[in-house]
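Enquirer: You'll find work_22.cif just under this line, and it carries mmCIF, C-alpha atoms.
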data_query
loop_
_atom_site.label_atom_id
_atom_site.label_comp_id
_atom_site.auth_asym_id
_atom_site.auth_seq_id
_atom_site.Cartn_x
_atom_site.Cartn_y
_atom_site.Cartn_z
CA MET A 1 7.28 32.94 28.74
CA ILE A 2 6.22 33.08 32.38
CA ASP A 3 2.58 32.45 31.46
CA LEU A 4 3.64 29.62 29.16
CA PHE A 5 5.39 27.70 31.93
CA ASN A 6 2.85 28.50 34.61
CA ALA A 7 0.13 27.14 32.30
CA ALA A 8 2.15 23.91 31.97
CA GLY A 9 2.01 23.40 35.74
CA PHE A 10 5.21 25.07 36.86
CA ARG A 11 5.21 27.50 39.74
CA ASP A 12 7.32 30.52 40.42
CA ALA A 13 8.42 30.95 36.81
CA ALA A 14 10.56 34.06 36.72
CA ILE A 15 12.84 35.95 34.40
CA THR A 16 16.17 36.33 36.15
CA ARG A 17 18.21 38.35 33.65
CA HIS A 18 17.94 40.23 30.36
CA PHE A 19 20.42 40.24 27.46
CA ASP A 20 20.67 42.73 24.60
CA CYS A 21 21.66 39.83 22.38
CA PHE A 22 20.89 41.44 19.02
CA ALA A 23 23.01 44.55 19.61
CA GLY A 24 25.55 44.83 16.83
CA THR A 25 23.75 42.43 14.48
CA SER A 26 21.85 43.17 11.29
CA LYS A 27 18.61 42.55 13.23
CA GLU A 28 19.36 45.18 15.86
CA ARG A 29 16.85 47.67 14.43
CA THR A 30 14.12 45.02 14.23
CA ALA A 31 14.87 43.91 17.78
CA ARG A 32 14.65 47.47 19.08
CA ARG A 33 11.44 48.12 17.12
CA TYR A 34 9.64 45.16 18.68
CA GLY A 35 11.41 45.17 22.07
CA VAL A 36 13.10 41.83 21.49
CA LEU A 37 15.49 40.73 24.25
CA GLY A 38 17.16 37.56 25.39
CA VAL A 39 16.20 36.44 28.89
CA ASN A 40 17.13 33.80 31.43
CA LEU A 41 14.09 32.07 32.89
CA LEU A 42 13.79 29.75 35.87
CA ALA A 43 10.72 27.59 36.55
CA VAL A 44 10.34 24.87 39.18
CA MET B 1 5.31 37.64 26.03
CA PRO B 2 6.01 34.52 23.95
CA VAL B 3 5.47 34.75 20.20
CA ARG B 4 2.08 33.30 19.25
CA CYS B 5 1.70 31.17 16.15
CA PRO B 6 -0.75 32.68 13.63
CA ILE B 7 -3.48 30.62 12.00
CA GLY B 8 -2.26 29.23 8.68
CA PHE B 9 1.41 29.45 9.60
CA ASP B 10 3.49 26.97 7.62
CA VAL B 11 5.12 25.00 10.44
CA ALA B 12 6.77 22.49 8.07
CA SER B 13 8.46 25.28 6.13
CA LEU B 14 9.65 26.86 9.36
CA ARG B 15 11.16 23.57 10.56
CA ALA B 16 12.93 23.10 7.23
CA GLU B 17 14.27 26.66 7.29
CA ILE B 18 15.50 26.29 10.88
CA GLN B 19 17.27 23.03 10.04
CA ALA B 20 18.89 24.65 6.99
CA MET B 21 19.90 27.78 8.93
CA TYR B 22 21.46 25.91 11.83
CA GLY B 23 23.03 23.38 9.48
CA ARG B 24 24.86 26.35 7.97
CA VAL B 25 25.84 27.56 11.45
CA ALA B 26 27.29 24.10 12.17
CA ASP B 27 29.16 23.82 8.88
CA ALA B 28 30.35 27.43 8.49
CA PRO B 29 29.89 29.38 11.74
CA GLY B 30 32.00 32.24 10.44
CA GLY B 31 29.47 32.93 7.67
CA ASP B 32 27.08 35.83 7.36
CA PHE B 33 24.27 35.47 9.91
CA HIS B 34 22.00 37.97 11.62
CA PHE B 35 22.86 36.72 15.12
CA HIS B 36 26.11 36.49 17.04
CA ARG B 37 28.08 33.27 17.31
CA GLY B 38 31.14 31.99 19.07
CA PRO B 39 32.93 31.97 22.41
CA GLU B 40 33.97 35.63 22.50
CA TYR B 41 30.33 36.67 22.13
CA ALA B 42 29.31 34.17 24.81
CA ALA B 43 31.90 35.45 27.27
CA THR B 44 31.63 39.18 26.67
CA ARG B 45 27.89 39.60 26.12
CA LEU B 46 26.34 36.65 27.96
CA GLY B 47 28.66 36.19 30.93
CA TYR B 48 30.06 32.74 30.19
CA ASP B 49 33.37 31.86 31.80
CA ALA B 50 35.98 32.40 29.08
CA ALA B 51 38.32 29.79 30.55
CA GLU B 52 35.58 27.15 30.61
CA LEU B 53 34.78 27.90 26.98
CA ALA B 54 38.45 27.76 26.02
CA ALA B 55 38.61 24.26 27.47
CA LEU B 56 35.98 23.06 24.97
CA PRO B 57 36.79 22.19 21.35
CA ALA B 58 36.76 25.20 19.03
CA ALA B 59 34.53 23.25 16.65
CA VAL B 60 31.91 23.23 19.40
CA THR B 61 32.12 26.79 20.67
CA ALA B 62 32.45 28.39 17.20
CA SER B 63 28.86 27.33 16.45
CA PHE B 64 27.45 28.61 19.74
CA ALA B 65 24.48 30.83 18.90
CA GLY B 66 22.69 31.21 22.23
CA ILE B 67 20.90 34.34 23.37
CA GLY B 68 21.37 34.05 27.15
CA ASN B 69 23.13 31.92 29.72
CA PRO B 70 21.24 29.01 31.33
CA HIS B 71 24.27 28.15 33.48
CA ALA B 72 24.10 31.55 35.16
CA ILE B 73 20.60 30.82 36.52
CA ARG B 74 21.57 28.08 38.98
CA PRO B 75 24.52 25.68 39.13
CA ILE B 76 23.97 22.20 37.67
CA PRO B 77 24.21 19.84 40.66
CA ALA B 78 26.71 16.98 40.67
CA GLY B 79 24.93 13.76 39.75
CA ALA B 80 22.09 15.52 37.93
CA VAL B 81 20.42 14.26 34.78
CA VAL B 82 20.26 17.23 32.42
CA VAL B 83 18.48 17.59 29.09
CA ASP B 84 19.58 20.34 26.71
CA ILE B 85 16.79 21.03 24.20
CA GLY B 86 18.26 22.15 20.89
CA CYS B 87 21.79 21.44 22.07
CA GLY B 88 23.35 22.55 18.80
CA ALA B 89 27.09 21.89 18.58
CA GLY B 90 27.15 21.28 22.32
CA THR B 91 28.55 24.26 24.23
CA ASP B 92 25.88 24.29 26.96
CA LEU B 93 25.59 20.50 26.84
CA LEU B 94 29.28 19.88 27.50
CA LEU B 95 29.40 22.49 30.26
CA ALA B 96 26.42 20.73 31.86
CA ALA B 97 28.11 17.33 31.51
CA ARG B 98 31.21 18.62 33.28
CA ARG B 99 29.14 20.05 36.11
CA ALA B 100 26.94 16.95 36.46
CA GLY B 101 30.11 14.85 36.64
CA PRO B 102 30.52 11.10 36.15
CA ALA B 103 27.55 10.33 38.40
CA GLY B 104 25.31 12.51 36.26
CA ARG B 105 24.25 12.52 32.64
CA ALA B 106 23.80 15.19 29.98
CA ILE B 107 21.40 14.43 27.15
CA GLY B 108 21.44 16.72 24.14
CA VAL B 109 18.47 16.79 21.79
CA ASP B 110 18.64 18.49 18.40
CA MET B 111 16.78 18.15 15.11
CA THR B 112 19.79 19.17 12.96
CA ALA B 113 22.07 16.26 12.06
CA SER B 114 25.25 18.30 11.56
CA MET B 115 24.83 19.90 14.99
CA ARG B 116 24.36 16.49 16.63
CA GLU B 117 27.53 15.24 14.93
CA ARG B 118 29.51 18.22 16.26
CA ALA B 119 28.16 17.73 19.78
CA ARG B 120 29.04 14.02 19.77
CA ALA B 121 32.53 14.71 18.44
CA GLY B 122 32.98 17.45 21.05
CA ALA B 123 32.02 15.11 23.89
CA GLU B 124 34.45 12.50 22.62
CA ALA B 125 37.23 15.08 22.27
CA CYS B 126 36.63 16.15 25.88
CA GLY B 127 36.59 12.55 27.11
CA LEU B 128 33.09 13.00 28.46
CA THR B 129 31.40 9.61 28.74
CA ASN B 130 28.25 10.94 30.40
CA VAL B 131 26.90 12.62 27.24
CA GLU B 132 24.21 11.33 24.89
CA VAL B 133 23.10 13.24 21.81
CA LEU B 134 19.71 12.28 20.39
CA GLU B 135 17.51 13.33 17.48
CA GLY B 136 14.36 15.13 18.50
CA ASP B 137 12.81 18.50 19.13
CA ALA B 138 11.15 20.41 21.91
CA THR B 139 7.73 18.96 21.20
CA GLN B 140 8.92 15.33 21.14
CA LEU B 141 11.73 14.72 23.59
CA PRO B 142 13.19 11.18 23.34
CA VAL B 143 13.37 10.97 27.12
CA ALA B 144 11.33 8.99 29.65
CA ASP B 145 8.70 10.56 31.91
CA ARG B 146 9.97 11.99 35.20
CA SER B 147 13.61 11.13 34.49
CA VAL B 148 15.31 14.54 34.38
CA ASP B 149 16.54 16.89 37.11
CA VAL B 150 17.23 20.00 35.03
CA VAL B 151 16.08 21.04 31.55
CA ILE B 152 18.23 23.65 29.90
CA SER B 153 17.85 25.34 26.53
CA ASN B 154 19.28 28.42 24.88
CA GLY B 155 17.45 30.30 22.16
CA VAL B 156 15.28 27.40 21.04
CA ILE B 157 11.72 27.71 22.39
CA ASN B 158 11.24 30.93 20.40
CA LEU B 159 11.77 28.85 17.25
CA VAL B 160 8.97 26.43 18.16
CA PRO B 161 5.49 27.34 16.92
CA GLU B 162 3.82 24.84 19.30
CA LYS B 163 5.11 26.45 22.50
CA ALA B 164 2.44 25.08 24.85
CA ARG B 165 3.24 21.58 23.60
CA ALA B 166 6.94 22.18 24.25
CA ALA B 167 6.27 23.40 27.81
CA ALA B 168 4.05 20.35 28.47
CA GLU B 169 6.78 18.08 27.13
CA ILE B 170 9.32 19.66 29.48
CA ALA B 171 6.91 19.12 32.38
CA ARG B 172 6.52 15.47 31.34
CA VAL B 173 10.23 14.63 31.47
CA LEU B 174 11.08 16.45 34.71
CA LYS B 175 11.21 14.59 38.00
CA PRO B 176 9.10 16.02 40.82
CA GLY B 177 11.12 18.96 42.10
CA GLY B 178 13.03 19.25 38.84
CA ARG B 179 13.54 22.61 37.22
CA VAL B 180 13.75 24.47 33.94
CA GLN B 181 16.54 26.96 33.42
CA ILE B 182 16.39 28.30 29.93
CA ALA B 183 17.45 31.32 27.96
CA ASP B 184 15.11 32.55 25.28
CA ILE B 185 13.64 35.51 23.50
CA VAL B 186 10.80 37.70 24.63
CA ILE B 187 9.16 40.56 22.79
CA GLY B 188 7.89 43.78 24.27
CA GLU B 189 4.79 44.21 22.15
CA ILE B 190 2.17 42.28 20.18
CA LEU B 191 3.52 41.62 16.70
CA PRO B 192 1.43 42.28 13.59
CA ASP B 193 0.49 39.19 11.57
CA ALA B 194 2.81 40.34 8.77
CA ALA B 195 5.73 40.00 11.16
CA LEU B 196 4.44 36.70 12.58
CA LEU B 197 4.25 35.24 9.08
CA ASP B 198 7.82 36.32 8.23
CA ILE B 199 9.94 33.17 8.53
CA ASP B 200 13.13 35.26 8.51
CA LEU B 201 12.05 36.82 11.80
CA TRP B 202 11.26 33.41 13.31
CA THR B 203 14.59 31.91 12.31
CA GLY B 204 16.46 34.92 13.67
#
Kindly return the structure encoded in the file as structure tokens.
Expert:
Amino acid sequence: MIDLFNAAGFRDAAITRHFDCFAGTSKERTARRYGVLGVNLLAV
Amino acid sequence: MPVRCPIGFDVASLRAEIQAMYGRVADAPGGDFHFHRGPEYAATRLGYDAAELAALPAAVTASFAGIGNPHAIRPIPAGAVVVDIGCGAGTDLLLAARRAGPAGRAIGVDMTASMRERARAGAEACGLTNVEVLEGDATQLPVADRSVDVVISNGVINLVPEKARAAAEIARVLKPGGRVQIADIVIGEILPDAALLDIDLWTG
């Protein structure tokens, strides 16, 4: 995500927080297997 | 890392499946889905203010299906023009409209008609006159160049196969000095093509 926004001309793209948003869902195992997380991202 | 789009991926099928999936979320948010929905999830797992959510129509917050909290990144300034990409039923959009205030504007963009209808009805129920809800998607925002102060989005860019195009489109609409504050999904490893071609994983 950071590379994506930096490539589009943004600077200082940064992930500011992580969320375990799939915990307790039927996709929890898949999310853990592939390291899937929700994140907050800021780019200016 | 963002999810790359494999060669030969059926983008049209993905768009149709996403519209069908989120149409179901709009019409029956209490149904069986493989992601969380609703205001309790937003408050307890994502850090939204429960009182702010309670002040929005239940028809809006019941269909909330975000995966992070764009409002926790930085406050929306009073007077700001905000675009919410993939606004869904309008939870983040209406919170942004309240923070931008009467001198600001909140523009929701969504490709699913039933979500747009819910967002419009929610704005009306809240008496928010600074909200517009438009048809579009992340790769074709119906917004003028350099007209937006803040772009927000919650769990949408991961659904877009053409991610570089979406990022370029966001850059196009932002004013100089404008900012992106989005919540989305990242993965910790390179996915095999079998996983990348699985539409169920994309729509999740």
Enquirer: I'd like the residues picked by the PyMOL selection byres ((chain A) within 7 of (chain B)) written out as a PyMOL selection string, using the chain letters and numbers from the file.
Expert: chain A and resi 1+4-5+8+19+21-22+25-27+34-44
Enquirer: Could you spell out the hits of the PyMOL selection byres ((chain B and resi 56) around 8) on the shown file, as a ChimeraX atom specification?
Expert: /B:52-55,57-58,60-61,91,94,122,126
Enquirer: Hey, what comes out of the PyMOL selection byres ((chain B and resi 132) around 8) on this file? Could you write it as a count of residues only?
Expert: 9
Enquirer: Quick one: residues within 8 Å of Glu117 (chain B), all atoms listed in the file, excluding same-chain residues fewer than 4 positions away - as a ChimeraX atom specification?
Expert: /B:89,113,121
Enquirer: Report the distance between CA of Asp193 (chain B) and CA of Asp10 (chain B) in Å, rounded to one decimal place.
Expert: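 Computed distance, CA of Asp193 (chain B) to CA of Asp10 (chain B), equals 13.2 Å.
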Enquirer: Which residue, B:Ala12, B:Ala96, B:Ala119, B:Ala80, has the smallest gap to Ala26 (chain B) when you use all atoms listed in the file?
Expert: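 Closest to Ala26 (chain B), using all atoms listed in the file: B:Ala119.
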Enquirer: Taking all atoms listed in the file into account, which of B:Ala65, B:Leu95, B:Glu17, B:Val143 comes nearest Arg37 (chain B)?
Expert: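 Looking at the shortest contact to Arg37 (chain B), the residue is B:Ala65.
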Enquirer: In Å, how far is it from CA of Ala23 (chain A) to CA of Asp92 (chain B)?
Expert: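 For CA of Ala23 (chain A) relative to CA of Asp92 (chain B), the distance reads 21.7 Å.
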Enquirer: Between CA of Pro29 (chain B) and CA of Val11 (chain B), what distance in Å does the model show, to one decimal?
Expert: 25.2 Å
